[in-house]
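With mmCIF, C-alpha atoms and all ligand atoms inside, this is query.cif:
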data_protein
loop_
_atom_site.label_atom_id
_atom_site.label_comp_id
_atom_site.auth_asym_id
_atom_site.auth_seq_id
_atom_site.Cartn_x
_atom_site.Cartn_y
_atom_site.Cartn_z
CA MET Y 225 4.28 13.48 30.88
CA PRO Y 226 3.62 10.49 28.58
CA VAL Y 227 2.67 7.23 30.32
CA PRO Y 228 5.51 4.65 30.04
CA LYS Y 229 4.57 1.93 27.54
CA HIS Y 230 4.40 -0.86 30.13
CA LEU Y 231 1.91 1.16 32.23
CA ASP Y 232 -0.36 2.13 29.36
CA PRO Y 233 -3.70 0.30 29.87
CA ARG Y 234 -4.42 0.49 26.12
CA ARG Y 235 -1.53 -1.88 25.55
CA TYR Y 236 -3.14 -4.57 27.74
CA TYR Y 237 -6.57 -3.96 26.24
CA ARG Y 238 -5.10 -4.42 22.75
CA ARG Y 239 -3.36 -7.63 23.80
CA ALA Y 240 -6.52 -9.04 25.36
CA ARG Y 241 -8.47 -8.32 22.16
CA GLN Y 242 -5.66 -9.81 20.11
CA PHE Y 243 -5.77 -13.02 22.13
CA TYR Y 244 -9.58 -13.23 21.95
CA PHE Y 245 -9.82 -12.70 18.19
CA ALA Y 246 -6.78 -14.88 17.39
CA SER Y 247 -8.50 -17.81 19.12
CA ARG Y 248 -11.48 -17.37 16.79
CA TYR Y 249 -9.51 -16.75 13.58
CA ASP Y 250 -10.06 -19.30 10.82
CA PRO Y 251 -7.07 -19.22 8.43
CA ALA Y 252 -8.66 -21.56 5.86
CA ALA Y 253 -11.89 -19.53 5.65
CA THR Y 254 -9.91 -16.29 5.40
CA ALA Y 255 -7.72 -17.69 2.61
CA ALA Y 256 -10.81 -18.94 0.72
CA ALA Y 257 -12.58 -15.58 1.04
CA GLU Y 258 -9.52 -13.71 -0.23
CA ARG Y 259 -9.01 -16.15 -3.10
CA ALA Y 260 -12.65 -15.61 -4.12
CA LYS Y 261 -11.99 -11.86 -4.35
CA PHE Y 262 -9.05 -12.47 -6.71
CA GLU Y 263 -11.22 -14.76 -8.84
CA ALA Y 264 -14.10 -12.27 -8.93
CA ALA Y 265 -11.64 -9.63 -10.12
CA GLY Y 266 -10.40 -11.94 -12.91
CA LEU Y 267 -6.99 -12.34 -11.24
CA ASP Y 268 -5.05 -15.61 -11.18
CA VAL Y 269 -3.63 -15.83 -7.67
CA GLU Y 270 -1.51 -18.96 -8.26
CA ALA Y 271 0.17 -17.58 -11.37
CA ALA Y 272 0.66 -14.27 -9.53
CA ARG Y 273 2.36 -15.96 -6.61
CA ALA Y 274 4.73 -17.85 -8.91
CA ARG Y 275 5.63 -14.65 -10.81
CA LEU Y 276 6.03 -12.62 -7.62
CA ASP Y 277 8.28 -15.28 -6.03
CA GLU Y 278 10.49 -15.14 -9.13
CA VAL Y 279 10.86 -11.37 -8.71
CA LEU Y 280 11.34 -11.46 -4.92
CA LEU Y 281 13.85 -14.32 -5.00
CA GLU Y 282 15.91 -12.31 -7.47
CA LEU Y 283 15.63 -9.10 -5.40
CA SER Y 284 15.91 -10.35 -1.84
CA GLY Y 285 16.25 -14.13 -1.84
CA LYS Y 286 12.87 -14.56 -0.12
CA ARG Y 287 9.44 -15.77 -1.21
CA PHE Y 288 6.23 -13.83 -0.66
CA ASP Y 289 4.70 -14.50 2.78
CA HIS Y 290 1.69 -12.66 4.11
CA VAL Y 291 0.44 -15.62 6.16
CA THR Y 292 3.23 -16.03 8.71
CA GLY Y 293 5.27 -13.00 7.63
CA THR Y 294 4.59 -9.31 7.18
CA ASP Y 295 4.52 -8.98 3.38
CA SER Y 296 1.55 -7.07 2.02
CA VAL Y 297 -0.97 -8.29 -0.54
CA HIS Y 298 -0.27 -5.28 -2.77
CA TRP Y 299 2.73 -7.09 -4.23
CA LEU Y 300 0.55 -10.10 -5.04
CA LEU Y 301 -2.11 -7.85 -6.56
CA LEU Y 302 0.47 -6.05 -8.69
CA ALA Y 303 1.83 -9.41 -9.88
CA ALA Y 304 -1.69 -10.65 -10.67
CA LEU Y 305 -2.52 -7.44 -12.55
CA SER Y 306 0.73 -7.65 -14.52
CA LEU Y 307 -0.33 -11.03 -15.94
CA THR Y 308 -3.70 -9.85 -17.30
CA PRO Y 309 -4.16 -8.58 -20.88
CA TRP Y 310 -4.66 -5.10 -19.34
CA GLY Y 311 -1.45 -5.45 -17.32
CA ARG Y 312 0.62 -6.35 -20.36
CA LYS Y 313 -0.31 -2.97 -21.82
CA VAL Y 314 0.74 -0.95 -18.77
CA ARG Y 315 3.25 1.70 -19.82
CA ARG Y 316 2.88 4.47 -17.22
CA VAL Y 317 2.97 3.86 -13.48
CA LEU Y 318 2.87 6.35 -10.61
CA GLU Y 319 3.82 5.58 -7.01
CA ILE Y 320 2.96 8.11 -4.30
CA GLY Y 321 5.29 7.47 -1.34
CA THR Y 322 8.59 5.92 -2.41
CA PHE Y 323 10.13 5.21 1.00
CA ARG Y 324 13.15 2.99 0.21
CA GLY Y 325 11.93 2.11 -3.26
CA LYS Y 326 11.25 -1.59 -2.67
CA THR Y 327 7.83 -1.55 -4.33
CA THR Y 328 9.23 0.76 -7.03
CA ARG Y 329 11.74 -1.95 -7.84
CA ILE Y 330 9.04 -4.63 -7.85
CA LEU Y 331 6.86 -2.50 -10.14
CA HIS Y 332 9.85 -2.12 -12.44
CA ASP Y 333 10.33 -5.90 -12.64
CA LEU Y 334 6.63 -6.79 -12.97
CA PHE Y 335 5.89 -4.24 -15.71
CA PRO Y 336 8.90 -4.50 -18.05
CA GLU Y 337 7.55 -2.02 -20.61
CA ALA Y 338 6.52 0.65 -18.09
CA LYS Y 339 8.05 3.95 -17.10
CA ILE Y 340 7.63 4.52 -13.38
CA VAL Y 341 7.35 7.88 -11.66
CA THR Y 342 7.73 7.72 -7.89
CA CYS Y 343 7.33 10.60 -5.49
CA ASP Y 344 8.42 11.28 -1.92
CA LEU Y 345 8.92 14.31 0.28
CA PRO Y 346 11.92 16.63 0.01
CA GLU Y 347 14.53 16.24 2.75
CA SER Y 348 13.54 19.67 4.05
CA ASP Y 349 10.00 18.51 4.87
CA PRO Y 350 9.57 18.01 8.64
CA ILE Y 351 7.56 14.80 8.04
CA MET Y 352 10.52 13.32 6.17
CA ASN Y 353 12.73 13.73 9.21
CA SER Y 354 10.27 12.72 11.89
CA SER Y 355 8.66 9.54 10.56
CA TYR Y 356 9.47 5.91 9.73
CA GLY Y 357 12.53 5.95 12.03
CA ARG Y 358 14.33 8.55 9.86
CA GLU Y 359 14.98 10.93 12.76
CA GLY Y 360 18.73 10.43 13.14
CA PRO Y 361 21.23 11.53 10.45
CA ALA Y 362 22.88 8.09 10.25
CA ILE Y 363 19.58 6.25 9.74
CA ARG Y 364 18.42 8.88 7.27
CA ALA Y 365 21.65 8.52 5.28
CA HIS Y 366 21.19 4.73 5.19
CA HIS Y 367 17.56 5.18 4.11
CA LEU Y 368 18.53 7.55 1.28
CA ALA Y 369 21.38 5.31 0.11
CA LYS Y 370 19.02 2.33 -0.10
CA ARG Y 371 16.47 4.42 -1.99
CA THR Y 372 19.10 5.67 -4.46
CA GLN Y 373 20.19 2.08 -5.08
CA ASN Y 374 16.62 0.88 -5.73
CA LEU Y 375 15.77 3.79 -8.02
CA ASP Y 376 18.94 3.60 -10.10
CA ASN Y 377 17.31 2.65 -13.37
CA SER Y 378 16.50 4.46 -16.60
CA ARG Y 379 12.81 3.46 -16.42
CA ILE Y 380 12.37 5.01 -12.95
CA ARG Y 381 12.00 8.76 -12.36
CA PHE Y 382 12.07 10.10 -8.83
CA VAL Y 383 10.09 13.26 -8.09
CA GLU Y 384 11.18 14.85 -4.83
CA ALA Y 385 8.08 16.77 -3.82
CA ASN Y 386 5.09 16.81 -1.58
CA SER Y 387 2.39 14.84 -3.44
CA PHE Y 388 0.17 17.93 -3.17
CA PHE Y 389 2.16 19.34 -6.12
CA LEU Y 390 1.93 16.26 -8.37
CA PRO Y 391 -0.78 17.58 -10.74
CA SER Y 392 1.48 20.41 -11.90
CA LEU Y 393 4.71 18.37 -11.78
CA THR Y 394 3.55 15.20 -13.52
CA PRO Y 395 -0.12 15.23 -14.45
CA GLY Y 396 -0.37 11.81 -16.12
CA PRO Y 397 -2.24 9.98 -17.48
CA TYR Y 398 -1.15 6.81 -15.69
CA ASP Y 399 -2.35 3.26 -16.25
CA LEU Y 400 -1.55 2.21 -12.71
CA ILE Y 401 -1.22 4.28 -9.54
CA TRP Y 402 0.02 3.00 -6.17
CA VAL Y 403 -1.15 5.38 -3.43
CA ASP Y 404 1.09 4.92 -0.38
CA GLY Y 405 2.14 8.36 0.86
CA GLY Y 406 0.58 10.13 3.84
CA HIS Y 407 -2.22 7.95 5.24
CA LEU Y 408 -4.13 10.65 7.14
CA TYR Y 409 -6.43 13.51 6.21
CA PRO Y 410 -5.64 15.86 4.47
CA GLU Y 411 -2.92 14.10 2.42
CA ILE Y 412 -4.93 10.98 1.65
CA ALA Y 413 -7.83 13.07 0.32
CA TRP Y 414 -5.71 14.94 -2.21
CA ASP Y 415 -3.68 11.84 -3.09
CA LEU Y 416 -6.82 9.88 -3.98
CA CYS Y 417 -8.41 12.86 -5.71
CA ASN Y 418 -5.23 13.50 -7.74
CA ALA Y 419 -4.88 9.77 -8.48
CA TRP Y 420 -8.45 9.65 -9.78
CA HIS Y 421 -7.85 12.51 -12.19
CA ALA Y 422 -4.38 11.31 -13.22
CA ALA Y 423 -5.55 7.75 -13.94
CA ALA Y 424 -6.24 6.78 -17.55
CA GLU Y 425 -9.83 5.93 -18.49
CA ASP Y 426 -9.28 2.24 -17.78
CA GLY Y 427 -6.70 2.97 -15.07
CA VAL Y 428 -6.35 1.09 -11.80
CA ILE Y 429 -5.57 2.71 -8.45
CA LEU Y 430 -4.29 0.71 -5.48
CA CYS Y 431 -4.32 2.24 -2.02
CA ASP Y 432 -2.43 0.89 0.98
CA ASP Y 433 -3.32 0.53 4.65
CA VAL Y 434 -7.07 1.00 4.55
CA TYR Y 435 -8.96 0.52 7.81
CA LEU Y 436 -12.65 -0.23 7.41
CA ASP Y 437 -13.43 0.03 11.11
CA PRO Y 438 -13.93 3.64 12.27
CA GLN Y 439 -11.76 2.91 15.36
CA GLY Y 440 -8.87 1.59 13.23
CA GLY Y 441 -5.40 3.15 12.98
CA ASP Y 442 -3.14 4.99 15.38
CA ARG Y 443 -3.83 8.46 13.90
CA ILE Y 444 -0.05 8.93 13.61
CA TYR Y 445 0.67 6.76 10.59
CA ASP Y 446 -2.75 5.50 9.63
CA SER Y 447 -6.46 5.99 10.04
CA PRO Y 448 -9.85 5.10 8.51
CA ASP Y 449 -9.61 8.29 6.37
CA SER Y 450 -8.55 6.46 3.20
CA GLY Y 451 -11.51 4.05 3.45
CA GLU Y 452 -13.91 6.99 3.76
CA VAL Y 453 -12.46 8.80 0.77
CA LEU Y 454 -12.53 5.63 -1.34
CA ARG Y 455 -16.18 4.97 -0.45
CA TYR Y 456 -16.97 8.58 -1.31
CA ILE Y 457 -15.42 8.15 -4.77
CA GLU Y 458 -17.15 4.80 -5.30
CA ALA Y 459 -20.55 6.30 -4.50
CA ARG Y 460 -20.16 9.08 -7.04
CA THR Y 461 -18.49 7.37 -9.98
CA ASP Y 462 -18.72 4.24 -12.07
CA ALA Y 463 -15.64 2.79 -10.36
CA GLU Y 464 -15.35 -0.71 -8.96
CA LEU Y 465 -13.87 -0.92 -5.47
CA THR Y 466 -12.59 -4.06 -3.74
CA PHE Y 467 -10.82 -4.35 -0.40
CA PHE Y 468 -8.24 -7.14 -0.15
CA LEU Y 469 -6.96 -8.18 3.26
CA LYS Y 470 -3.43 -6.78 3.55
CA ARG Y 471 -2.11 -9.84 5.39
CA GLU Y 472 -3.59 -13.23 6.18
CA ASN Y 473 -1.34 -13.30 9.26
CA PRO Y 474 -3.67 -13.49 12.31
CA HIS Y 475 -1.35 -11.25 14.34
CA TRP Y 476 -2.33 -8.38 12.04
CA SER Y 477 -5.73 -9.44 10.82
CA ALA Y 478 -7.62 -11.38 13.50
CA ASP Y 479 -8.87 -8.27 15.30
CA PRO Y 480 -11.42 -6.50 13.05
CA VAL Y 481 -10.36 -3.09 14.40
CA ARG Y 482 -6.63 -3.61 13.65
CA ARG Y 483 -7.25 -5.34 10.32
CA LYS Y 484 -5.95 -3.45 7.28
CA TYR Y 485 -6.82 -3.75 3.62
CA VAL Y 486 -5.36 -2.81 0.26
CA ALA Y 487 -8.00 -1.19 -1.92
CA VAL Y 488 -8.22 -1.73 -5.65
CA LEU Y 489 -10.20 0.94 -7.44
CA ARG Y 490 -10.84 0.21 -11.10
CA LYS Y 491 -11.85 3.42 -12.75
CA ARG Y 492 -14.06 1.64 -15.24
CA ARG Y 493 -16.13 -1.37 -14.31
CA GLU Y 494 -15.48 -4.58 -16.23
CA GLY Y 495 -18.06 -5.50 -18.85
C1 LIG Y 501 4.58 3.65 3.75
S1 LIG Y 501 5.88 4.58 3.07
C2 LIG Y 501 5.87 4.08 1.37
C3 LIG Y 501 6.28 2.65 1.15
C4 LIG Y 501 6.52 2.29 -0.31
N1 LIG Y 501 5.46 2.78 -1.17
C5 LIG Y 501 6.60 0.80 -0.47
O1 LIG Y 501 5.61 0.16 -0.92
O2 LIG Y 501 7.68 0.24 -0.16
C6 LIG Y 501 5.18 6.18 2.96
C7 LIG Y 501 6.10 7.21 2.31
O3 LIG Y 501 5.27 8.32 1.94
C8 LIG Y 501 6.00 9.51 2.12
N2 LIG Y 501 5.07 10.63 2.24
C9 LIG Y 501 4.30 10.97 3.31
N3 LIG Y 501 3.58 12.08 3.04
C10 LIG Y 501 3.89 12.42 1.75
C11 LIG Y 501 3.49 13.50 0.90
N4 LIG Y 501 2.60 14.41 1.28
N5 LIG Y 501 4.04 13.56 -0.33
C12 LIG Y 501 4.94 12.64 -0.76
N6 LIG Y 501 5.34 11.60 0.01
C13 LIG Y 501 4.83 11.50 1.25
C14 LIG Y 501 6.81 9.25 3.39
O4 LIG Y 501 7.94 10.10 3.43
C15 LIG Y 501 7.16 7.76 3.24
O5 LIG Y 501 8.44 7.58 2.68
#
What is this file in structure tokens?
Amino acid sequence: MPVPKHLDPRRYYRRARQFYFASRYDPAATAAAERAKFEAAGLDVEAARARLDEVLLELSGKRFDHVTGTDSVHWLLLAALSLTPWGRKVRRVLEIGTFRGKTTRILHDLFPEAKIVTCDLPESDPIMNSSYGREGPAIRAHHLAKRTQNLDNSRIRFVEANSFFLPSLTPGPYDLIWVDGGHLYPEIAWDLCNAWHAAAEDGVILCDDVYLDPQGGDRIYDSPDSGEVLRYIEARTDAELTFFLKRENPHWSADPVRRKYVAVLRKRREG
């Protein structure tokens, strides 16, 4: 029988760690370190924030917030990339893991010349009906309605398939690939492998929810598997790999084990 949540000692251990690391968290130093990564990658974080806020205010009436809120840096990275000379030439985008299509919609707005292919599981797949709170028919119907609304655009094509089949369904090439489907082995291994081969020569791959600590992740939704696969690729190719902190919010990022990153893998190094 599963232990009730309030009796699970891991819960109290996690809270104690949270408290300890939060008391040592330095928001200014974290912000400076993350800003330096944007600069090193040739990305203008201020211009990106202004552009992203424009898009988000139009879509949801809210500004980007990954310091006190739960927004993820991938939106900021996508905005920053969209403003570069490379980004202005992006015409083909692939998203693995559509969910409700919020990022699909943001990609659509940030890359006005691009066609976007986005892929998620068929309704018959057991993972579809047992994850992300989609268990009940009413919630699932709401989820699908929201997705349909977000994807209703001539520049967006939805592929209803397990990402395992993407190479035969839509082989690319893609300028930009957002990897955000299954976060565990084996899915993450084929998603990153397929993304590598589907990316154009100067393509950029972003990957969500990367744990760099081997103890990270709950092994249900996420794990350190993506970090391992990315490091494997980096060691064997000419790619440039940078890990950006997913949120500057100490609740999520103070504890080094719980901290998540968004990886940016540039297939070809700059310069
Ligand atoms: C974290 S959500 C995606 C969030 C979305 N990309 C966004 O930024 O708003 C992950 C999605 O990946 C889908 N998924 C999981 N395994 C998959 C697979 N093997 N093939 C395709 N989609 C998968 C899940 O059904 C879920 O909708």
Distance filter 10 Å around ligand LIG 501 (chain Y), atoms: all atoms listed in the file, out as a ChimeraX atom specification: /Y:296,298-299,319-331,342-347,349-356,358,367,371,383-390,402-408,410-412,414-415,431-433,445-446
If you keep C-alpha atoms, can you produce a file of those selected residues as a PDB file, keeping the file's coordinate frame?
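out.pdb, written as the output of this step:
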ATOM      1  CA  SER Y 296       1.550  -7.070   2.020  1.00  0.00           C
ATOM      2  CA  HIS Y 298      -0.270  -5.280  -2.770  1.00  0.00           C
ATOM      3  CA  TRP Y 299       2.730  -7.090  -4.230  1.00  0.00           C
ATOM      4  CA  GLU Y 319       3.820   5.580  -7.010  1.00  0.00           C
ATOM      5  CA  ILE Y 320       2.960   8.110  -4.300  1.00  0.00           C
ATOM      6  CA  GLY Y 321       5.290   7.470  -1.340  1.00  0.00           C
ATOM      7  CA  THR Y 322       8.590   5.920  -2.410  1.00  0.00           C
ATOM      8  CA  PHE Y 323      10.130   5.210   1.000  1.00  0.00           C
ATOM      9  CA  ARG Y 324      13.150   2.990   0.210  1.00  0.00           C
ATOM     10  CA  GLY Y 325      11.930   2.110  -3.260  1.00  0.00           C
ATOM     11  CA  LYS Y 326      11.250  -1.590  -2.670  1.00  0.00           C
ATOM     12  CA  THR Y 327       7.830  -1.550  -4.330  1.00  0.00           C
ATOM     13  CA  THR Y 328       9.230   0.760  -7.030  1.00  0.00           C
ATOM     14  CA  ARG Y 329      11.740  -1.950  -7.840  1.00  0.00           C
ATOM     15  CA  ILE Y 330       9.040  -4.630  -7.850  1.00  0.00           C
ATOM     16  CA  LEU Y 331       6.860  -2.500 -10.140  1.00  0.00           C
ATOM     17  CA  THR Y 342       7.730   7.720  -7.890  1.00  0.00           C
ATOM     18  CA  CYS Y 343       7.330  10.600  -5.490  1.00  0.00           C
ATOM     19  CA  ASP Y 344       8.420  11.280  -1.920  1.00  0.00           C
ATOM     20  CA  LEU Y 345       8.920  14.310   0.280  1.00  0.00           C
ATOM     21  CA  PRO Y 346      11.920  16.630   0.010  1.00  0.00           C
ATOM     22  CA  GLU Y 347      14.530  16.240   2.750  1.00  0.00           C
ATOM     23  CA  ASP Y 349      10.000  18.510   4.870  1.00  0.00           C
ATOM     24  CA  PRO Y 350       9.570  18.010   8.640  1.00  0.00           C
ATOM     25  CA  ILE Y 351       7.560  14.800   8.040  1.00  0.00           C
ATOM     26  CA  MET Y 352      10.520  13.320   6.170  1.00  0.00           C
ATOM     27  CA  ASN Y 353      12.730  13.730   9.210  1.00  0.00           C
ATOM     28  CA  SER Y 354      10.270  12.720  11.890  1.00  0.00           C
ATOM     29  CA  SER Y 355       8.660   9.540  10.560  1.00  0.00           C
ATOM     30  CA  TYR Y 356       9.470   5.910   9.730  1.00  0.00           C
ATOM     31  CA  ARG Y 358      14.330   8.550   9.860  1.00  0.00           C
ATOM     32  CA  HIS Y 367      17.560   5.180   4.110  1.00  0.00           C
ATOM     33  CA  ARG Y 371      16.470   4.420  -1.990  1.00  0.00           C
ATOM     34  CA  VAL Y 383      10.090  13.260  -8.090  1.00  0.00           C
ATOM     35  CA  GLU Y 384      11.180  14.850  -4.830  1.00  0.00           C
ATOM     36  CA  ALA Y 385       8.080  16.770  -3.820  1.00  0.00           C
ATOM     37  CA  ASN Y 386       5.090  16.810  -1.580  1.00  0.00           C
ATOM     38  CA  SER Y 387       2.390  14.840  -3.440  1.00  0.00           C
ATOM     39  CA  PHE Y 388       0.170  17.930  -3.170  1.00  0.00           C
ATOM     40  CA  PHE Y 389       2.160  19.340  -6.120  1.00  0.00           C
ATOM     41  CA  LEU Y 390       1.930  16.260  -8.370  1.00  0.00           C
ATOM     42  CA  TRP Y 402       0.020   3.000  -6.170  1.00  0.00           C
ATOM     43  CA  VAL Y 403      -1.150   5.380  -3.430  1.00  0.00           C
ATOM     44  CA  ASP Y 404       1.090   4.920  -0.380  1.00  0.00           C
ATOM     45  CA  GLY Y 405       2.140   8.360   0.860  1.00  0.00           C
ATOM     46  CA  GLY Y 406       0.580  10.130   3.840  1.00  0.00           C
ATOM     47  CA  HIS Y 407      -2.220   7.950   5.240  1.00  0.00           C
ATOM     48  CA  LEU Y 408      -4.130  10.650   7.140  1.00  0.00           C
ATOM     49  CA  PRO Y 410      -5.640  15.860   4.470  1.00  0.00           C
ATOM     50  CA  GLU Y 411      -2.920  14.100   2.420  1.00  0.00           C
ATOM     51  CA  ILE Y 412      -4.930  10.980   1.650  1.00  0.00           C
ATOM     52  CA  TRP Y 414      -5.710  14.940  -2.210  1.00  0.00           C
ATOM     53  CA  ASP Y 415      -3.680  11.840  -3.090  1.00  0.00           C
ATOM     54  CA  CYS Y 431      -4.320   2.240  -2.020  1.00  0.00           C
ATOM     55  CA  ASP Y 432      -2.430   0.890   0.980  1.00  0.00           C
ATOM     56  CA  ASP Y 433      -3.320   0.530   4.650  1.00  0.00           C
ATOM     57  CA  TYR Y 445       0.670   6.760  10.590  1.00  0.00           C
ATOM     58  CA  ASP Y 446      -2.750   5.500   9.630  1.00  0.00           C
TER      59      ASP Y 446
END
For region 226-239 of chain Y: contacts at 10 Å, only C-alpha atoms, fewer than 3 positions along chain excluded, given as a list in words: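 After dropping sequence-adjacent residues, the list is Gln242, Phe243, Tyr244, Phe245, Asp479, Val481 and Arg482 of chain Y.
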Neighbour residues at most 12 Å from (-17.8, 5.3, 3.3) (all atoms listed in the file) as a count of residues only: 19
Residues within 10 Å of (-1.3, -8.5, 4.7), counting all atoms listed in the file, listed as a list in words: Asp289, His290, Val291, Thr292, Gly293, Thr294, Asp295, Ser296, Val297, His298, Trp299, Asp433, Phe468, Leu469, Lys470, Arg471, Glu472, Asn473, Pro474, Trp476, Ser477, Arg483, Lys484, Tyr485 and Val486 of chain Y
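For region 254-271 of chain Y, the set of protein, DNA and RNA residues having any atom at most 7 Å away, when counting all atoms listed in the file and skipping those fewer than 3 positions along the same chain, is Asp250, Pro251, Ala274, Arg275, Ala304, Leu305 and Phe468 of chain Y.
For the set Y:Leu489, Y:Gly360, Y:Leu280, Y:Leu400, the residue with the smallest atom-to-atom gap to Arg312 (chain Y) is Y:Leu400, counting all atoms listed in the file.
Using only C-alpha atoms for every distance, the candidate list Y:Arg287, Y:Arg273, Y:His332, Y:Arg493 yields Y:Arg273 as the residue closest to Leu307 (chain Y).
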12 Å contact set for Val317 (chain Y), only C-alpha atoms, chain neighbours under 4 positions out, as JSON, numbers by chain: {"Y": [302, 306, 311, 313, 327, 328, 329, 330, 331, 332, 334, 335, 336, 337, 338, 339, 340, 341, 342, 343, 379, 380, 381, 382, 394, 395, 396, 397, 398, 399, 400, 401, 402, 403, 419, 422, 423, 424, 427, 428, 429, 430]}
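Here CA of Asp442 (chain Y) is placed at a distance of 14.4 Å from CA of Pro480 (chain Y).
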Separation of CA of Phe288 (chain Y) from CA of Val314 (chain Y), in Å and rounded to one decimal: 22.9 Å
CA of Leu276 (chain Y) to CA of His421 (chain Y), straight-line distance in Å: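 Separation between CA of His421 (chain Y) and CA of Leu276 (chain Y): 29.1 Å.
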Among listed residues Y:Thr308, Y:Gly440, Y:Asn374, Y:Asn418, nearest Pro391 (chain Y) (using only C-alpha atoms):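 Among Y:Thr308, Y:Gly440, Y:Asn374, Y:Asn418, it is Y:Asn418 that comes nearest to Pro391 (chain Y).
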Please, what is the axis-aligned box for every listed atom of region 324-343 of chain Y with 6 Å on each side, as centre and edge lengths in Å to one decimal, as AutoDock Vina command-line options?
--center_x 9.5 --center_y 1.9 --center_z -10.2 --size_x 19.3 --size_y 29.4 --size_z 32.8
